[in-house]
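Novice: Dropping the structure in here first, questions after.
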Amino acid sequence: MSPVITVHHLEMSRSTRILWALEELGTPYELEVYKRHRKTFRAGPEIKAIHPVGRFPVVVIDGQAFAESGAILEHLAERFGALAPTDPTARVHYRYWMHFAEGSLMAPLLVGLIMDRLRTGVPFPANAITGAIGKAVNKQYTWPQLADLLSAVNHHLAAHAFFSGDTFSMADIQMSYPGMAAIDRVPNAREAYPALRTWCETMKARPAYIKALEVGGPILPPSRKT
Ligand SMILES: N[C@@H](CCC(=O)N[C@@H](CS)C(=O)NCC(=O)O)C(=O)O
């Protein structure tokens with residue numbers, strides 16, 4: 001019997017990954033959609049009633065609440081016996097990228113985003129000073145950090161079609177949010193990381209990804225270039 005699954009999904013967020021995984025698995029699920037605050041872009045506190053961490057995604061499977069995207073994806077892979085490689089070499093890649101997404105790549109991406117907001121999200125004329133600080137932090141810390149990390153991603157994808165090697169897996173879904181955010185938001189990423197860009201385009205063409213966006217809306221917020 002199929003498990004009863006409810007996805008608590010925050011618009012324009014990492015929880016799109018869970019919708020995508022469930023569409024790939026072809027299993028039914030219920031959806032609860034939460035909106036971001038228009039100014040702060042934060043989520044409200046209601047989700048804490050479902051899971052105390054108060055972050056998205058949260059998935060309830062047969063009455064038990066699960067949080068943390070990577071852990072949810074691994075649980076789904078085990079439960080459905082799908083989208084995780086069994087070959088030992090592929091499993092090494094799989095585990096590495098499953099952890100790399102949130103453990104290494106997301107932190108500098110978020111710092112970059114926040115530093116950019118010091119220019120665009122602070123009123124004039126204070127934003128001249130805060131923007132200069134943000135720009136300096138990004139130049140000295142964020143962009144060099146991301147250059148190292150994204151070069152490693154690009155290097156892997158230049159040699160392998162997918163993150164676990166030859167076959168699509170949950171590792172591709174887990175890497176989708178930082179991978180797509182990097183290509184969309186990091187200066188010159190499209191030119192500097194062509195294998196990552198091609199992989200992003202391949203992922204965006206998958207029917208289950210397209211369905212997840214139809215159901216849950218865009219994965220990223222609109223970019224604020226000005
Ligand atoms: N590492 C966690 C991150 C969870 C997280 O921070 N989610 C964001 C959405 S992308 C969130 O819930 N933000 C709500 C807020 O900050 O108010 C995961 O991958 O599940």
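Residue numbering restarts at 1 for every chain of the structure tokens, chains are lettered A, B, ... in their displayed order, and ligands are numbered from 1 as they appear.
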Counting only C-alpha atoms and all ligand atoms, what residues are within 8 Å of ligand 1, given as a PyMOL selection string?

Specialist: chain A and resi 10+12-15+36+41-45+54-58+67-70+102-103

Novice: How would the residues just picked look written out with C-alpha atoms as a JSON list (two decimals), in the first residue's frame?

Specialist:
[["chain", "number", "residue", "atom", "x", "y", "z"],
["A", 10, "LEU", "CA", 7.19, 26.93, 1.09],
["A", 12, "MET", "CA", 10.21, 29.56, -3.99],
["A", 13, "SER", "CA", 12.28, 27.32, -1.77],
["A", 14, "ARG", "CA", 14.25, 24.14, -1.31],
["A", 15, "SER", "CA", 11.02, 22.23, -0.71],
["A", 36, "ARG", "CA", 6.66, 33.97, 2.22],
["A", 41, "PHE", "CA", 10.80, 36.93, 2.60],
["A", 42, "ARG", "CA", 10.63, 34.79, 5.76],
["A", 43, "ALA", "CA", 8.12, 32.03, 6.40],
["A", 44, "GLY", "CA", 5.58, 32.33, 9.21],
["A", 45, "PRO", "CA", 5.84, 30.27, 12.41],
["A", 54, "GLY", "CA", 10.34, 25.66, 11.68],
["A", 55, "ARG", "CA", 12.01, 25.33, 8.26],
["A", 56, "PHE", "CA", 10.92, 23.88, 4.96],
["A", 57, "PRO", "CA", 10.60, 21.26, 3.63],
["A", 58, "VAL", "CA", 8.66, 19.20, 6.14],
["A", 67, "ALA", "CA", 12.62, 17.58, 8.03],
["A", 68, "GLU", "CA", 15.92, 18.40, 6.26],
["A", 69, "SER", "CA", 15.79, 17.93, 2.49],
["A", 70, "GLY", "CA", 18.68, 15.48, 2.21],
["A", 102, "GLU", "CA", 23.64, 21.78, 2.05],
["A", 103, "GLY", "CA", 26.92, 21.16, 3.89]]

Novice: Which residues of region 18-86 of chain A have any atom within 12 Å of an atom in region 173-179 of chain A when counting only C-alpha atoms, and what is the closest pair of atoms for each, with the distance in Å to one decimal? Order the rows by chain and rising number and write it as JSON lines.

Specialist:
{"residue": "A:Ile18", "atom": "CA", "partner": "A:Ile173", "partner_atom": "CA", "distance": 8.2}
{"residue": "A:Leu19", "atom": "CA", "partner": "A:Ile173", "partner_atom": "CA", "distance": 10.0}
{"residue": "A:Trp20", "atom": "CA", "partner": "A:Ile173", "partner_atom": "CA", "distance": 7.4}
{"residue": "A:Ala21", "atom": "CA", "partner": "A:Ile173", "partner_atom": "CA", "distance": 6.9}
{"residue": "A:Leu22", "atom": "CA", "partner": "A:Ile173", "partner_atom": "CA", "distance": 10.7}
{"residue": "A:Glu23", "atom": "CA", "partner": "A:Ile173", "partner_atom": "CA", "distance": 11.4}
{"residue": "A:Glu24", "atom": "CA", "partner": "A:Ile173", "partner_atom": "CA", "distance": 9.9}
{"residue": "A:Glu68", "atom": "CA", "partner": "A:Gln174", "partner_atom": "CA", "distance": 10.7}
{"residue": "A:Ser69", "atom": "CA", "partner": "A:Gln174", "partner_atom": "CA", "distance": 7.3}
{"residue": "A:Gly70", "atom": "CA", "partner": "A:Gln174", "partner_atom": "CA", "distance": 6.4}
{"residue": "A:Ala71", "atom": "CA", "partner": "A:Gln174", "partner_atom": "CA", "distance": 10.0}
{"residue": "A:Ile72", "atom": "CA", "partner": "A:Gln174", "partner_atom": "CA", "distance": 10.1}
{"residue": "A:Leu73", "atom": "CA", "partner": "A:Gln174", "partner_atom": "CA", "distance": 7.7}
{"residue": "A:Glu74", "atom": "CA", "partner": "A:Gln174", "partner_atom": "CA", "distance": 9.9}
{"residue": "A:Ala77", "atom": "CA", "partner": "A:Ile173", "partner_atom": "CA", "distance": 11.6}
{"residue": "A:Leu83", "atom": "CA", "partner": "A:Ile173", "partner_atom": "CA", "distance": 9.7}
{"residue": "A:Ala84", "atom": "CA", "partner": "A:Ile173", "partner_atom": "CA", "distance": 11.1}

Novice: Output N, CA and C atoms for every residue in that selection, as a CSV table (one decimal), in the first residue's frame.

Specialist:
chain,number,residue,atom,x,y,z
A,18,ILE,N,11.4,18.3,-3.0
A,18,ILE,CA,10.6,17.1,-2.5
A,18,ILE,C,9.5,16.8,-3.5
A,19,LEU,N,8.9,17.9,-4.0
A,19,LEU,CA,7.8,17.7,-5.0
A,19,LEU,C,8.3,17.0,-6.2
A,20,TRP,N,9.5,17.5,-6.6
A,20,TRP,CA,10.2,16.9,-7.8
A,20,TRP,C,10.4,15.4,-7.5
A,21,ALA,N,11.0,15.1,-6.4
A,21,ALA,CA,11.3,13.6,-6.0
A,21,ALA,C,10.0,12.8,-6.1
A,22,LEU,N,8.9,13.3,-5.5
A,22,LEU,CA,7.7,12.5,-5.5
A,22,LEU,C,7.1,12.4,-6.9
A,23,GLU,N,7.3,13.4,-7.7
A,23,GLU,CA,6.8,13.3,-9.1
A,23,GLU,C,7.7,12.2,-9.8
A,24,GLU,N,9.0,12.2,-9.6
A,24,GLU,CA,9.8,11.2,-10.2
A,24,GLU,C,9.4,9.8,-9.7
A,68,GLU,N,14.6,18.4,6.9
A,68,GLU,CA,15.9,18.4,6.3
A,68,GLU,C,15.9,17.7,4.9
A,69,SER,N,16.0,18.5,3.8
A,69,SER,CA,15.8,17.9,2.5
A,69,SER,C,16.6,16.6,2.2
A,70,GLY,N,17.9,16.7,2.5
A,70,GLY,CA,18.7,15.5,2.2
A,70,GLY,C,18.2,14.2,2.9
A,71,ALA,N,17.8,14.4,4.2
A,71,ALA,CA,17.3,13.3,5.0
A,71,ALA,C,16.0,12.8,4.4
A,72,ILE,N,15.1,13.7,4.0
A,72,ILE,CA,13.8,13.3,3.4
A,72,ILE,C,14.1,12.6,2.1
A,73,LEU,N,14.9,13.1,1.3
A,73,LEU,CA,15.2,12.4,0.0
A,73,LEU,C,15.8,11.0,0.2
A,74,GLU,N,16.7,10.9,1.2
A,74,GLU,CA,17.2,9.6,1.5
A,74,GLU,C,16.2,8.6,2.0
A,77,ALA,N,14.1,7.5,-0.9
A,77,ALA,CA,14.8,6.5,-1.7
A,77,ALA,C,14.8,5.1,-1.1
A,83,LEU,N,15.9,5.6,-7.1
A,83,LEU,CA,16.6,6.9,-7.2
A,83,LEU,C,17.8,7.0,-6.3
A,84,ALA,N,18.4,5.8,-5.9
A,84,ALA,CA,19.7,5.8,-5.2
A,84,ALA,C,20.5,4.6,-5.8

Novice: Run DSSP on the backbone of this structure and report the residues of region 10-217 of chain A it assigns to helix (DSSP H, G or I), as a ChimeraX atom specification.

Specialist: /A:16-25,45-49,69-80,88-120,126-159,170-185,189-192,194-204,207-216

Novice: If we count only C-alpha atoms, what is near Arg197 (chain A) at a cut-off of 10 Å, once residues fewer than 2 positions away on the same chain are taken out, given as a PyMOL selection string?

Specialist: chain A and resi 154+157+179-180+182-184+189-195+199-203

Novice: Enumerate the residues of region 9-150 of chain A with a DSSP assignment of strand (DSSP E or B), computed from the backbone, and present them as a PyMOL selection string.

Specialist: chain A and resi 9-10+30-34+58-61+64-67

Novice: Atoms to include: C-alpha atoms. Write the selected residues as a PDB file, in the first residue's frame.

Specialist:
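Saved result, out.pdb, follows:
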ATOM      1  CA  HIS A   9       5.918  23.352   0.823  1.00  0.00           C
ATOM      2  CA  LEU A  10       7.189  26.929   1.090  1.00  0.00           C
ATOM      3  CA  GLU A  30      -1.091  15.938  -0.536  1.00  0.00           C
ATOM      4  CA  LEU A  31       0.234  19.450  -0.631  1.00  0.00           C
ATOM      5  CA  GLU A  32       0.113  22.282   1.928  1.00  0.00           C
ATOM      6  CA  VAL A  33       1.496  25.505   0.458  1.00  0.00           C
ATOM      7  CA  TYR A  34       2.916  28.313   2.639  1.00  0.00           C
ATOM      8  CA  VAL A  58       8.659  19.205   6.144  1.00  0.00           C
ATOM      9  CA  VAL A  59       7.037  15.980   4.992  1.00  0.00           C
ATOM     10  CA  VAL A  60       4.608  13.881   6.986  1.00  0.00           C
ATOM     11  CA  ILE A  61       4.682  10.212   5.993  1.00  0.00           C
ATOM     12  CA  GLN A  64       5.557  10.867  11.116  1.00  0.00           C
ATOM     13  CA  ALA A  65       7.132  14.281  10.393  1.00  0.00           C
ATOM     14  CA  PHE A  66      10.484  14.474   8.569  1.00  0.00           C
ATOM     15  CA  ALA A  67      12.624  17.585   8.027  1.00  0.00           C
TER      16      ALA A  67
END
